[in-house]
Each structure stands twice: as C-alpha cells, then as structure tokens.
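Notes for the one structure printed next.
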Amino acid sequence: MKQGFSTLLSLLLLFALTRAQAALPSSLKIAISDNTYPYMFINQQGQPDGLVVDYWQQIAKQQNLNIEFIAANWPTTLEMLELGKVDIHGALASTPEREQRYQMAKIGVNIYNNIFIQRDMPHFKNIYELKPLTIGVIERSSQVSLLKKLIPNVSLVYYSDTKTMYDAALRGELFAFTALDALPSTYPNFKQLNALFPLHKKMPIAQIDLNFAVYKNPTLYQQIKHATEQVDDGYIQQLEHRWLSLKVKQDSLLLGVPVNNPPFMHITPEGEAKGLIIELWQAWAKEMGVKISFVPDSSASSVRSLEQGRIDAIVAMPVNEFLPETIDKAYHLYNFYSTLYYPKSRGKLEPDSLKNQTIAVFANAPYINELKEKYPQTNFKLYSSLADTLTAVSQQEVFGFIGSSAVMPVRFQQLNELETYTSFDDIRIEGALYSLALAENKALIDKIKQGFSSLSLTQLEAIEQRWLGEPERYFSKFRDKIPLTAIERDWLEAHQPIRLGIVKDWPPLEFVDKAGKATGITVDIINIIAKRLDAKFEVKVFDNFADLKQALRQQQVDLAGGLANRADDKEILLTDSYWSSQWAVINSVASANYTNIAQLNNKKVAVYKDYALTSELQTSIAKANIVQTESIKQGVNLLQQGEVDAVIDTVEASGQFLRDTGYVNLQVQVLEGISHDPTLFGIRADYQPLVTMLNKGIRSLGDEGESQIYKKWFDFQINQGMDASQITRLILQFGGAALLIIIFFVFWNMSLRKEVSLRSQAEEKMRFMATHDDLTQLPNRSLLKERLEQALLQHARHNEMLALLFIDLDGFKDINDKYGHDVGDELLENLVTILQSAVRKSDTVSRFGGDEFVLLLTGLLHRNDAAIVAEKVLQQLENEIVLSVGSITIGASIGIAIYPDDGTQSDKLLKVADNLMYRVKQQEKNQYCFSKMGN
C-alpha cells in the first residue's frame with residue numbers, strides 16, 4: 001500500500017514539474033544586438049529584424065506568448081540581462097565566463113567567427129602570423145577570449161559597436177577585425193568596406209553555437225529550454241536559407257569559388273574572379289542565358305555555404321568520400337594532375353626514397369585511396385590547408401606533400417617559396433574536379449549538365465589554352481585518346497566487354513542492315529568512343545525499346561542507345577546527349593503544308609510511344625489527339641489509311657523511312673515551334689563510372705566528329721522518275737495501242753517528279769540545317785572549317801594570302817541582360833547585314849557561336865586588306881542600330897590571323913585569331929589587332 005502511494009506521489013510530482021516547465025510566462029522581454037546583421041539588427045523601418053528575431057517569433061507563435069525585443073549594443077544587452085531589465089538574451093556565443101555566469105542552452109543555429117584582413121596585406125599562412133597586427137574586436141564579445149586563447153599576447157583594440165569599428169577600418173586605423181560570416185550590408189559604407197576587406201581575405205577562427213541565456217532563474221531556463229526544443233529543424237533551415245543566402249540580382253545564380261587555386265580559379269587584387277574554371281562557367285552562362293555571380297571563399301566555407309543554401313553551386317572542387325550527403329556532384333568539369341613536392345635541400349630522389357616516409361595530402365584530395373594502394377610502404381597524412389602542410393614540411397613532420405602541378409608553382413611564387421621546393425615527377429596522379437550543387441536541387445543539376453555538354457570541344461580547348469601549358473591540359477587530350485584516371489582505367493578493364501543494346505529498326509540512328517549487321521549513328525559513335533577509350537563493346541539487338549529498356553534494368557545489357565530523358569526511367573542512369581534531332585512531320589502531298597507545330601491544332605497526329613515528345617505535344621497542340629504507335633511504319637500506315645492527319649518523328653528517321661520505302665504520295669517537312677530531341681545513352685544503375693567515361697567520349701567527338709557522322713548518313717541524292725528519252729522509247733516500243741496507258745504513266749511520272757522535288761527540298765533543308773546557324777542563317781563553325789580547309793589548299797597552290805577575322809561583340813551581354821534574349825537575337829540578325837556589307841561575295845561570314853563571328857577573307861594582296869575590312873566593321877558599328885526596343889550602339893573586338901604568316905593549318909589560324917581577339921578584349925576593346933609575327 002505504501003509502495004503504491006509512493007509511486008502515485010512520484011507521478012504527481014513529475015506531472016507537476018512537467019507542467020511547471022511548460023507553463024511559460026504570458027510575456028517575455030528578449031535582449032538582442034542592434035547591429036549583428038543578419039542575425040539580429042534594427043532595420044530601416046526601425047524595427048527588430050533578422051534570423052534570431054524570426055526564431056523567437058516562431059516560438060511565441062507556438063507557445064502563444066507576447067514578446068518584446070529590446071535592442072542595444074553588445075555590452076548593454078548583457079548589462080540589461082544582469083539588471084533584470086529583460087527576461088532572456090536571444091542569442092549569444094558560449095564562453096567559459098558566460099557559462100559560469102548565466103544559464104545557457106543551444107538554439108540550433110551555427111555561425112562562424114572570422115578575422116577580416118585588409119586586401120593589401122600579405123598572405124598569412126595561419127592565425128599565428130597575425131600576432132604583429134592589432135585586431136579590432138567588440139568589447140565583451142566571445143571573440144575576445146577566443147583570440148586571447150588562440151594567439152598569446154595578441155594586441156586587441158576594443159570598440160563598443162560594429163559601426164565604430166568599421167569606421168576605424170575605413171580610416172586606415174585597423175588592418176584586421178573580427179566579424180561573422182560576411183560583412184553587414186546594412187552598414188552605410190558597406191561597398192567601400194567590402195572592397196577593402198574582401199570575403200576571400202577572411203581567416204576563419206571557430207564555429208559558434210548560438211545560445212539563449214537566462215540570469216539566475218532556473219525555472220525560466222527550463223521553461224525556455226523546453227520551448228526551444230519544440231522548434232523543428234526544417235524551420236531553422238528555412239531561416240538560414242532566407243537570411244544567410246547572399247543577396248544578388250533576381251534570376252542570378254550564386255557560385256562559390258574556392259580561392260587560391262590559380263590558374264584554375266583565383267581572385268585578383270581588385271576582387272575579380274579569374275581562371276580557367278571561371279571562364280568555363282562564363283561560357284556556360286552565355287550558352288544557357290543565365291546571369292551568374294561569383295562568391296570567393298575557402299573550400300571549407302564554400303561547402304558550408306552551399307549546405308546552408310547561401311550559394312547555389314560551387315564552380316569546381318575535388319571530392320572524396322567525405323563530401324556531405326546533402327551535396328551532389330553536378331558535373332565532371334575538369335581533370336587536374338598532381339605530383340610530389342619536397343624541399344630542395346633533400347637532394348635528388350630515387351624511386352625507393354619514399355619507403356617508410358610520411359607524405360602530406362590535402363584532406364579533400366580525390367586520390368587518397370589510390371595513393372595508399374600504389375605506395376603501400378608510404379604513410380599518408382591529411383592536412384586541411386596549404387599553410388598547415390607547409391608548416392608540417394618545414395618542421396619535418398612530413399617528407400613532402402602531394403599538390404597540383406598547375407597550382408603549386410604559382411602558389412610558391414606568391415609565398416616566396418619558389419626556390420625552396422622542387423617536384424618529383426615520377427609521381428604523377430590524376431584527379432577530377434566536379435561542379436557541386438545541393439542533391440535536392442535536381443533542376444539545377446540538370447541545367448548544369450545541359451549547359452556544359454552543349455559547349456563544343458573547340459570552345460573548351462580555346463579556353464584551356466589561355467590558362468595552361470601543354471603538359472597540364474585536359475581537353476586537348478580528347479582528340480586522340482580520352483584521358484581516364486587510374487580508378488577509371490581499372491574499372492573499365494574489369495568490366496569489359498561492355499554490352500550495348502540497340503533496336504533493330506530505327507534508321508538511321510540504329511538498325512540492322514540487309515547483311516544482318518548492326519549499324520547506324522549510335523553504333524558509329526560507340527565505335528569512335530571505344531577506340532579512344534581502348535575498350536571493347538559488344539552490340540545486342542532488340543525488337544523494340546520496351547524490350548531494350550527491360551534488358552537494361554535486368555542488367556542483360558550495360559548500356560542502351562537512343563534513349564530520351566523520361567521521368568519514368570529513374571532506375572536508369574543517363575549520359576549527356578550524343579545526338580540532337582529536330583522534329584519533322586510526314587503527311588500527304590495533297591494536304592496542307594505543316595511547317596509549325598501550331599498548324600497541327602485540332603489534328604490527329606501519330607507519334608512513336610517511347611518518345612518523351614508525347615507529353616509535350618499535349619500542351620503544344622490545341623485539342624491534341626495523339627495516337628501512340630509502335631513504330632514509324634505503323635504511323636505511316638495509319639496515315640495512308642486516313643486514320644491520322646500526320647506522323648511526327650525525327651528528321652533523320654522520317655527522311656530515312658521515306659527514302660527506303662519510296663512512298664510517292666507523302667512528304668517530309670521540318671517542324672518548327674517545338675524543342676529539339678536530345679538522344680542519350682542509358683546506363684544500368686550500378687555502372688555510374690561508365691556514365692562519366694561515356695560523357696568524356698561524347699565530348700571528344702567535337703564539331704568535326706559530329707559533322708563527319710552527319711555527312712555519312714545524310715549526304716544523299718534522290719534520283720527517281722523517268723526522263724523524256726525513256727518515255728519516248730516506251731512509246732516507240734509499245735505503239736499507239738498503249739498510248740492511253742503511256743499518257744497515264746506520263747502524268748503519274750509528273751506527279752512522281754513533283755514528289756521527288758518536294759522531298760529533295762526537305763532533304764536540302766536538312767543539309768542546310770546541319771551546316772548553318774538557325775538564327776542568322778550564316779554558315780556555322782563546321783561549314784567555316786570546311787571552307788577554310790579548301791581555301792588553304794587553293795592558296796597554298798597559288799601562293800596567295802588569306803585572313804581570318806575573329807569578332808566578339810563588346811557589351812552584348814549587357815544588352816541581353818537589360819532587354820532579354822529576344823532583343824539579343826534581333827541585334828545578331830541586324831549584325832549579319834553589317835558584316836556581309838563589309839566583305840565581298842567571295843568571302844565567308846560565319847557565326848562561330850554566341851556573339852562570336854568569323855570572317856574568312858580570301859585572295860588578299862596585302863595584310864592591310866584585312867585591316868580595311870576590320871575598320872569598316874568597327875566604323876559601321878559606331879552607327880546606332882535600330883531595334884524594337886529603341887536604338888542601341890555596340891562595339892567589337894577583332895583578332896586577325898593571316899595565312900601563311902600566323903600558320904598553315906586551320907586550327908592554328910583559328911586559335912591565333914581567337915587569342916588576338918581576347919587580347920583586344922582584355923585591353924582597349926572596340927579595336928582590332930594582328931599578331932607580332934606578321935608585323
């Protein structure tokens with residue numbers, strides 16, 4: 001009985017305690033800092049604002065509380081807490097002194113303490129080297145005790161608030177001060193302060209867990225602690241995304257740039273992002289029509305910012321198994337090469353010199369496991385920064401370190417260590433650089449892949465050549481042999497032969513010819529890739545795509561050709577596009593001409609069932625009646641029977657089918673107003689490494705490879721019908737008795753000729769599309785290259801001179817950003833007239849890509865002839881161009897390469913002209929220039 005009463009009493013006491021903990025006061029006064037942006041501050045309307053304010057307002061809403069924020073500078077907020085003028089402090093860092101004085105608990109928000117260093121100060125390897133500096137701090141802030149602990153005898157100058165400290169920094173009284181992740185944009189002179197103390201010069205001190213604090217009130221502490229535990233982690237993430245994301249223009253993508261990695265990516269003294277990776281992203285932005293802003297920071301801080309949603313992506317980083325699960329590899333952008341660096345004082349090394357030695361490796365290096373496997377008798381130790389690594393080498397804790405052979409010579413020069421270290425080139429290891437994004441942001445990941453896979457190999461090589469010498473280049477190796485890492489090579493060796501599945505009847509993409517051999521565009525591309533990968537592929541043939549994809553899911557084949565990006569294929573991995581097709585419509589010669597998707601409104605249209613186009617047509621065609629078919633043949637049969645009005649298929653498949661079948665009453669027309677169809681390889685779900693390698697292979701094709709394949713499959717002539725002599729012979733042979741039949745045959749032949757003419761026109765249009773730019777109708781890069789090759793042969797025979805003028809518009813991006821891409825396209829169309837009026841009819845005006853044009857001038861008597869054309873272009877561009885939005889002016893940078901002075905090969909001449917254009921772009925703009933070689 002007593003035991004039962006005791007148990008009951010314990011339960012009642014527990015219940016009473018729980019009630020006491022939950023029963024918060026009806027109102028609370030909360031102390032916050034008035035100038036700790038973006039966590040807590042007073043906004044322009046004079047109201048408390050920030051992440052911490054939103055946090056406590058959420059608790060007030062959950063607990064049905066009335067709260068009042070009392071804002072003051074840091075020292076005053078603590079005084080108010082101790083004097084009882086407020087109930088709690090809303091957010092502050094924990095220090096040993098504060099933990100003894102107050103009752104504190106974490107609220108689930110992390111921030112970082114940093115020291116911001118003036119931009120003109122030398123590079124400091126670590127925090128200990130800051131000791132000679134006087135560092136500005138806020139009195140009674142957590143940074144005071146932290147700095148005293150980290151830097152013994154540190155010199156500190158105290159300020160009552162951040163504004164006073166920032167003012168002192170702008171006056172030149174401070175060269176370093178403490179702050180949180182970023183400088184507050186609410187500071188009146190933020191732009192000047194941010195320029196003088198840029199983000200990339202900050203030095204992290206420590207992570208801070210924000211706490212609330214109560215002074216000598218255990219009951220209230222328990223009640224508040226209980227309330228904070230009810231706040232959902234998802235809500236805190238929303239707050240961090242809202243307040244910690246950097247503010248930029250609308251529709252602008254924020255890209256984190258890990259600094260101090262020249263020539264890949266670095267920050268100039270003026271704070272501008274430069275480097276090979278930066279230029280690749282700028283080309284991506286131009287291709288996709290996206291605004292981008294670069295956010296320079298350390299690698300670790302960039303990853304943290306991405307996790308918190310402060311940036312959208314990281315331009316490029318090496319990754320390994322330590323990458324957070326919330327971050328995904330968006331695109332394999334580049335490969336870099338690393339070697340061993342060690343002090344010259346150690347003398348010359350031999351291959352066995354590294355046995356039982358300890359070598360430093362950067363913690364985010366992608367090849368750590370490969371090193372351990374390759375050098376089992378060597379110890380490897382991880383370091384998070386170059387500063388720590390160099391300190392370890394100088395203190396002989398490690399023998400040397402593995403570093404990028406492109407980056408380290410530049411970094412040694414910056415650190416005045418160029419004469420201290422040398423390299424051991426017997427060790428050369430390859431690593432990958434990936435663009436990173438949040439794993440949940442699938443749309444952005446797809447956009448990143450789409451943009452980079454759209455850049456031609458020629459574009460990529462041109463960018464690479466501006467930043468790296470031959471041994472370190474990556475893209476230039478694709479022409480002959482696709483570069484693979486050691487891990488990729490081992491994987492490929494272990495998984496050969498690779499089984500490719502295709503369908504048997506989808507010409508010209510993939511089919512079985514009359515001899516029973518698998519052939520088509522897909523097979524040709526795989527054969528090129530197989531040769532460059534030094535890999536073996538086996539082809540397996542399937543009746544239809546349904547069977548092919550089922551075999552891929554069941555791992556009966558390793559990859560499948562001819563797939564589209566469909567939402568229902570989640571268990572299949574997809575490569576970049578290896579072929580892009582425009583859509584065409586097949587219909588009766590006697591019916592209307594369909595050249596635009598809108599003309600098919602209210603029509604019955606047959607489409608192959610496996611095309612992703614089917615769903616798009618439902619929205620593109622008003623009152624769409626889509627009939628899904630098993631094949632193009634079934635669709636055409638329905639058309640012949642009058643059950644559908646038209647059949648939609650790719651230009652390639654439609655043209656090939658009518659050529660093979662010889663239907664004389666049908667026509668093929670290119671269909672506008674609908675997106676092109678990218679064709680991809682599908683890969684079995686457990687073969688992720690194969691995706692990366694095939695993407696490299698697809699990139700290696702380049703414009704020239706694609707052009708050769710196109711010519712093979714689409715360079716055709718149609719010869720149908722009968723000529724006059726054949727008909728005359730028939731009449732003489734059969735006589736007048738068969739005259740009526742012959743007359744009928746003549747009319748049939750005339751109809752056939754009409755059909756042949758229509759089909760030839762469609763085929764001619766397809767050939768034109770392959771060699772001309774869609775927007776301007778000018779020759780594209782492929783046709784320019786072809787004409788240039790022919791001109792070089794002719795000019796070599798006759799000892800003549802020709803010139804290439806590489807033109808890039810100055811200010812085109814600003815017009816695009818201001819008025820939109822439609823106006824940009826309108827400007828490019830107007831530019832065609834200007835360029836064509838500046839040259840002869842025998843010359844070639846081509847669109848090289850984006851806002852770049854190339855003029856091919858043949859049969860020149862003197863290099864000055866090219867200068868006259870350049871001056872004519874620049875002079876005409878001085879006049880206003882009238883567009884739909886008004887009149888604008890634009891300039892151009894022109895690089896001029898001369899044959900034979902600057903080279904005798906087409907690639908060499910294009911490269912010289914491009915580099916000269918870039919030189920003008922970097923200097924004066926709106927000018928032209930020749931190479932010194934020709935002067």
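Residues in the structure tokens are named by chain (A, B, ... in the order shown) and by number from 1 within that chain; ligands are numbered from 1 in the order shown.
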Spatial neighbours of segment 682-685 of chain A, max dist 6 Å, only C-alpha atoms, sep filter under 2 positions, as a ChimeraX atom specification: /A:552,558-560,571-574,687
Those same residues, written as an mmCIF file, in the first residue's frame with C-alpha atoms?
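Written out: result.cif:
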```cif
data_model
loop_
_atom_site.group_PDB
_atom_site.id
_atom_site.type_symbol
_atom_site.label_atom_id
_atom_site.label_comp_id
_atom_site.auth_asym_id
_atom_site.auth_seq_id
_atom_site.Cartn_x
_atom_site.Cartn_y
_atom_site.Cartn_z
ATOM 1 C CA LEU A 552 18.922 -2.799 -69.252
ATOM 2 C CA ASP A 558 25.165 -2.498 -69.781
ATOM 3 C CA LEU A 559 24.020 0.439 -71.843
ATOM 4 C CA ALA A 560 21.292 1.259 -74.340
ATOM 5 C CA GLU A 571 16.365 3.470 -62.286
ATOM 6 C CA ILE A 572 18.355 4.099 -65.486
ATOM 7 C CA LEU A 573 21.409 6.391 -65.484
ATOM 8 C CA LEU A 574 21.697 8.768 -68.427
ATOM 9 C CA TYR A 687 27.544 1.423 -63.649
#
```
Neighbour list for Gly516 of chain A as a CSV table (one decimal) with N, CA, C and O atoms, in the first residue's frame, cut-off 12 Å, only C-alpha atoms, skip fewer than 2 positions in-chain:
```csv
chain,number,residue,atom,x,y,z
A,504,LYS,N,16.4,-2.8,-83.6
A,504,LYS,CA,16.7,-3.3,-84.9
A,504,LYS,C,16.2,-2.5,-86.1
A,504,LYS,O,16.6,-2.7,-87.2
A,505,ASP,N,15.2,-1.6,-85.8
A,505,ASP,CA,14.6,-0.9,-86.9
A,505,ASP,C,14.3,0.5,-86.6
A,505,ASP,O,13.1,1.0,-86.6
A,511,PHE,N,19.9,0.4,-86.5
A,511,PHE,CA,19.2,-0.6,-87.2
A,511,PHE,C,20.1,-1.7,-87.6
A,511,PHE,O,21.3,-1.7,-87.5
A,512,VAL,N,19.5,-2.8,-88.2
A,512,VAL,CA,20.2,-3.9,-88.7
A,512,VAL,C,20.1,-3.8,-90.3
A,512,VAL,O,19.0,-3.7,-90.8
A,513,ASP,N,21.3,-3.8,-91.0
A,513,ASP,CA,21.2,-3.6,-92.4
A,513,ASP,C,20.9,-4.9,-93.1
A,513,ASP,O,20.7,-6.0,-92.4
A,514,LYS,N,20.9,-4.9,-94.4
A,514,LYS,CA,20.5,-6.1,-95.2
A,514,LYS,C,21.4,-7.3,-95.0
A,514,LYS,O,21.1,-8.4,-95.2
A,518,ALA,N,24.6,-4.8,-87.3
A,518,ALA,CA,24.1,-3.7,-86.5
A,518,ALA,C,24.9,-2.4,-87.0
A,518,ALA,O,26.1,-2.4,-87.0
A,519,THR,N,24.1,-1.4,-87.3
A,519,THR,CA,24.8,-0.2,-87.8
A,519,THR,C,24.0,1.0,-87.4
A,519,THR,O,23.0,1.0,-86.7
A,541,VAL,N,21.0,-6.8,-80.2
A,541,VAL,CA,19.9,-6.2,-80.9
A,541,VAL,C,18.5,-6.6,-80.3
A,541,VAL,O,18.4,-7.8,-80.0
```
Polymer residues at most 12 Å from segment 873-876 of chain A, only C-alpha atoms, same-chain spacing of 5 or more positions, as a PyMOL selection string: chain A and resi 805-810+830-839+853+855+866-868+881+889-894+925-928
Could you write out that same residue set with N, CA and C atoms as a CSV table (one decimal), in the first residue's frame?
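This went into out-v1.csv:
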```
chain,number,residue,atom,x,y,z
A,805,LEU,N,39.2,36.9,-89.5
A,805,LEU,CA,38.8,38.0,-88.6
A,805,LEU,C,37.9,37.4,-87.5
A,806,PHE,N,38.4,37.2,-86.3
A,806,PHE,CA,37.6,36.7,-85.2
A,806,PHE,C,37.0,37.8,-84.4
A,807,ILE,N,35.7,37.9,-84.5
A,807,ILE,CA,34.9,39.1,-83.9
A,807,ILE,C,34.1,38.7,-82.7
A,808,ASP,N,34.3,39.4,-81.6
A,808,ASP,CA,33.4,39.2,-80.5
A,808,ASP,C,32.8,40.6,-80.1
A,809,LEU,N,31.5,40.6,-79.9
A,809,LEU,CA,30.8,41.9,-79.6
A,809,LEU,C,31.1,42.4,-78.2
A,810,ASP,N,31.3,43.7,-78.1
A,810,ASP,CA,31.5,44.3,-76.8
A,810,ASP,C,30.2,44.8,-76.3
A,830,ASN,N,20.5,41.8,-87.1
A,830,ASN,CA,20.9,43.0,-87.7
A,830,ASN,C,22.4,43.0,-88.0
A,831,LEU,N,23.2,42.4,-87.2
A,831,LEU,CA,24.6,42.4,-87.4
A,831,LEU,C,25.0,41.7,-88.7
A,832,VAL,N,24.2,40.7,-89.1
A,832,VAL,CA,24.5,39.9,-90.3
A,832,VAL,C,24.6,40.9,-91.5
A,833,THR,N,23.7,41.8,-91.6
A,833,THR,CA,23.7,42.8,-92.7
A,833,THR,C,25.0,43.6,-92.7
A,834,ILE,N,25.4,44.1,-91.5
A,834,ILE,CA,26.5,44.9,-91.3
A,834,ILE,C,27.8,44.1,-91.8
A,835,LEU,N,27.9,42.9,-91.3
A,835,LEU,CA,29.1,42.1,-91.6
A,835,LEU,C,29.2,41.8,-93.1
A,836,GLN,N,28.0,41.4,-93.7
A,836,GLN,CA,28.0,41.0,-95.1
A,836,GLN,C,28.3,42.2,-96.0
A,837,SER,N,27.9,43.4,-95.6
A,837,SER,CA,28.2,44.6,-96.4
A,837,SER,C,29.6,45.0,-96.4
A,838,ALA,N,30.4,44.4,-95.4
A,838,ALA,CA,31.8,44.8,-95.2
A,838,ALA,C,32.7,43.9,-96.1
A,839,VAL,N,32.2,42.8,-96.6
A,839,VAL,CA,33.1,41.9,-97.3
A,839,VAL,C,32.6,41.7,-98.8
A,853,PHE,N,31.7,35.9,-84.2
A,853,PHE,CA,31.6,35.7,-85.7
A,853,PHE,C,33.0,35.6,-86.2
A,855,LEU,N,35.1,36.0,-90.0
A,855,LEU,CA,35.1,36.4,-91.4
A,855,LEU,C,36.3,35.7,-92.1
A,866,ALA,N,42.9,43.1,-94.9
A,866,ALA,CA,42.1,42.7,-93.8
A,866,ALA,C,41.9,43.8,-92.8
A,867,ALA,N,42.8,44.7,-92.6
A,867,ALA,CA,42.7,45.8,-91.7
A,867,ALA,C,41.6,46.7,-92.2
A,868,ILE,N,41.5,46.9,-93.5
A,868,ILE,CA,40.4,47.8,-94.1
A,868,ILE,C,39.0,47.2,-93.8
A,881,ILE,N,22.1,51.1,-84.0
A,881,ILE,CA,21.3,50.0,-84.6
A,881,ILE,C,19.9,50.1,-84.1
A,889,THR,N,23.9,51.2,-79.5
A,889,THR,CA,25.2,51.1,-80.1
A,889,THR,C,26.0,50.0,-79.4
A,890,ILE,N,26.9,49.3,-80.2
A,890,ILE,CA,27.6,48.2,-79.7
A,890,ILE,C,29.0,48.2,-80.4
A,891,GLY,N,30.0,47.7,-79.7
A,891,GLY,CA,31.3,47.7,-80.3
A,891,GLY,C,31.8,46.2,-80.6
A,892,ALA,N,33.0,46.1,-81.0
A,892,ALA,CA,33.5,44.7,-81.3
A,892,ALA,C,35.0,44.7,-81.1
A,893,SER,N,35.5,43.6,-80.6
A,893,SER,CA,36.9,43.3,-80.5
A,893,SER,C,37.3,42.3,-81.6
A,894,ILE,N,38.3,42.6,-82.4
A,894,ILE,CA,38.6,41.8,-83.6
A,894,ILE,C,40.1,41.3,-83.5
A,925,LYS,N,39.3,47.1,-76.1
A,925,LYS,CA,38.1,46.8,-76.7
A,925,LYS,C,37.8,47.7,-77.9
A,926,ASN,N,36.8,47.3,-78.8
A,926,ASN,CA,36.4,48.1,-79.9
A,926,ASN,C,37.6,48.4,-80.8
A,927,GLN,N,38.6,47.5,-80.9
A,927,GLN,CA,39.8,47.7,-81.8
A,927,GLN,C,40.0,46.3,-82.5
A,928,TYR,N,41.0,46.3,-83.4
A,928,TYR,CA,41.5,45.1,-84.0
A,928,TYR,C,43.0,45.0,-83.8
```
DSSP alpha helix (DSSP H) residues within segment 115-197 of chain A, as a ChimeraX atom specification: /A:142-150,162-170,190-196
Nearby residues (only C-alpha atoms) at most 9 Å from His266 of chain A, same-chain spacing under 6 positions excluded, as a count of residues only: 10
Separation of atom CA of Gln357 of chain A from atom CA of Met317 of chain A, in Å and rounded to one decimal: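 Between atom CA of Gln357 of chain A and atom CA of Met317 of chain A the gap is 27.8 Å.
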Long-range neighbours of Gln47 of chain A as a PDB file with C-alpha atoms, in the first residue's frame, 12 Å cut-off, only C-alpha atoms, 2 positions minimum in chain:
```pdb
ATOM      1  CA  ILE A  32      19.135  41.341 -28.887  1.00  0.00           C
ATOM      2  CA  ASP A  34      21.052  46.116 -32.613  1.00  0.00           C
ATOM      3  CA  ASN A  35      23.783  45.605 -35.221  1.00  0.00           C
ATOM      4  CA  MET A  40      19.709  40.481 -35.157  1.00  0.00           C
ATOM      5  CA  PHE A  41      19.595  44.166 -36.018  1.00  0.00           C
ATOM      6  CA  ILE A  42      17.323  47.181 -36.381  1.00  0.00           C
ATOM      7  CA  ASN A  43      16.045  47.556 -39.947  1.00  0.00           C
ATOM      8  CA  GLN A  44      15.432  50.747 -41.932  1.00  0.00           C
ATOM      9  CA  GLN A  45      11.912  50.979 -40.517  1.00  0.00           C
ATOM     10  CA  ASP A  49      14.772  42.076 -37.619  1.00  0.00           C
ATOM     11  CA  GLY A  50      16.952  39.090 -38.517  1.00  0.00           C
ATOM     12  CA  VAL A  53      14.106  37.679 -34.307  1.00  0.00           C
ATOM     13  CA  GLU A  68       9.085  42.330 -26.829  1.00  0.00           C
ATOM     14  CA  PHE A  69      12.575  42.798 -28.272  1.00  0.00           C
ATOM     15  CA  ILE A  70      14.929  45.216 -26.536  1.00  0.00           C
ATOM     16  CA  ALA A  71      17.823  46.077 -28.883  1.00  0.00           C
TER      17      ALA A  71
END
```
Nearest-residue call for Met769 of chain A, choices A:Gln582, A:Ser906, A:Asn665, A:Asn153, using only C-alpha atoms: A:Gln582
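Excluding Leu638 of chain A and any residue on its chain fewer than 4 positions from it, the residues at most 12 Å away by only C-alpha atoms are A:Ile586, A:Asn587, A:Ser588, A:Lys604, A:Val605, A:Ala606, A:Val607, A:Val627, A:Gln628, A:Thr629, A:Glu630, A:Ser631, A:Ile632, A:Lys633, A:Gln634, A:Gly642, A:Glu643, A:Val644, A:Asp645, A:Ala646, A:Val647.
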Sel. of strand (DSSP E) residues, segment 540-704 of chain A, as a PyMOL selection string: chain A and resi 540-542+559-563+573-581+583-588+604-608+625-629+646-650+666-670+677-683
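The space between atom CA of Pro779 of chain A and atom CA of Arg847 of chain A spans 6.5 Å.
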Between atom CA of Leu170 of chain A and atom CA of Ile115 of chain A, distance in Å (one decimal):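 Taking atom CA of Leu170 of chain A and atom CA of Ile115 of chain A, their separation equals 15.6 Å.
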Contact residues around Gly256 of chain A with only C-alpha atoms at 6 Å, ignoring same-chain residues under 2 positions, as a PyMOL selection string: chain A and resi 294-296+302+314
Residue among A:Tyr434, A:Thr378, A:Val231, A:Trp284 lying closest to Leu323 of chain A, counting only C-alpha atoms: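 Nearest to Leu323 of chain A: A:Tyr434.
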A:Phe380, A:Trp579, A:Tyr608, A:Tyr187 ranked by distance to Ile698 of chain A, top pick (using only C-alpha atoms):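 Distance minimum relative to Ile698 of chain A lands on A:Trp579.
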Selected residue, from A:Ala330, A:Leu802, A:Ala432, A:Leu639, that lies nearest to Tyr663 of chain A when counting only C-alpha atoms: A:Leu639
Counting only C-alpha atoms, the option among A:Ile526, A:Val664, A:Leu193, A:Leu81 closest to Val214 of chain A: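 Of A:Ile526, A:Val664, A:Leu193, A:Leu81, the one nearest Val214 of chain A, counting only C-alpha atoms, is A:Leu81.
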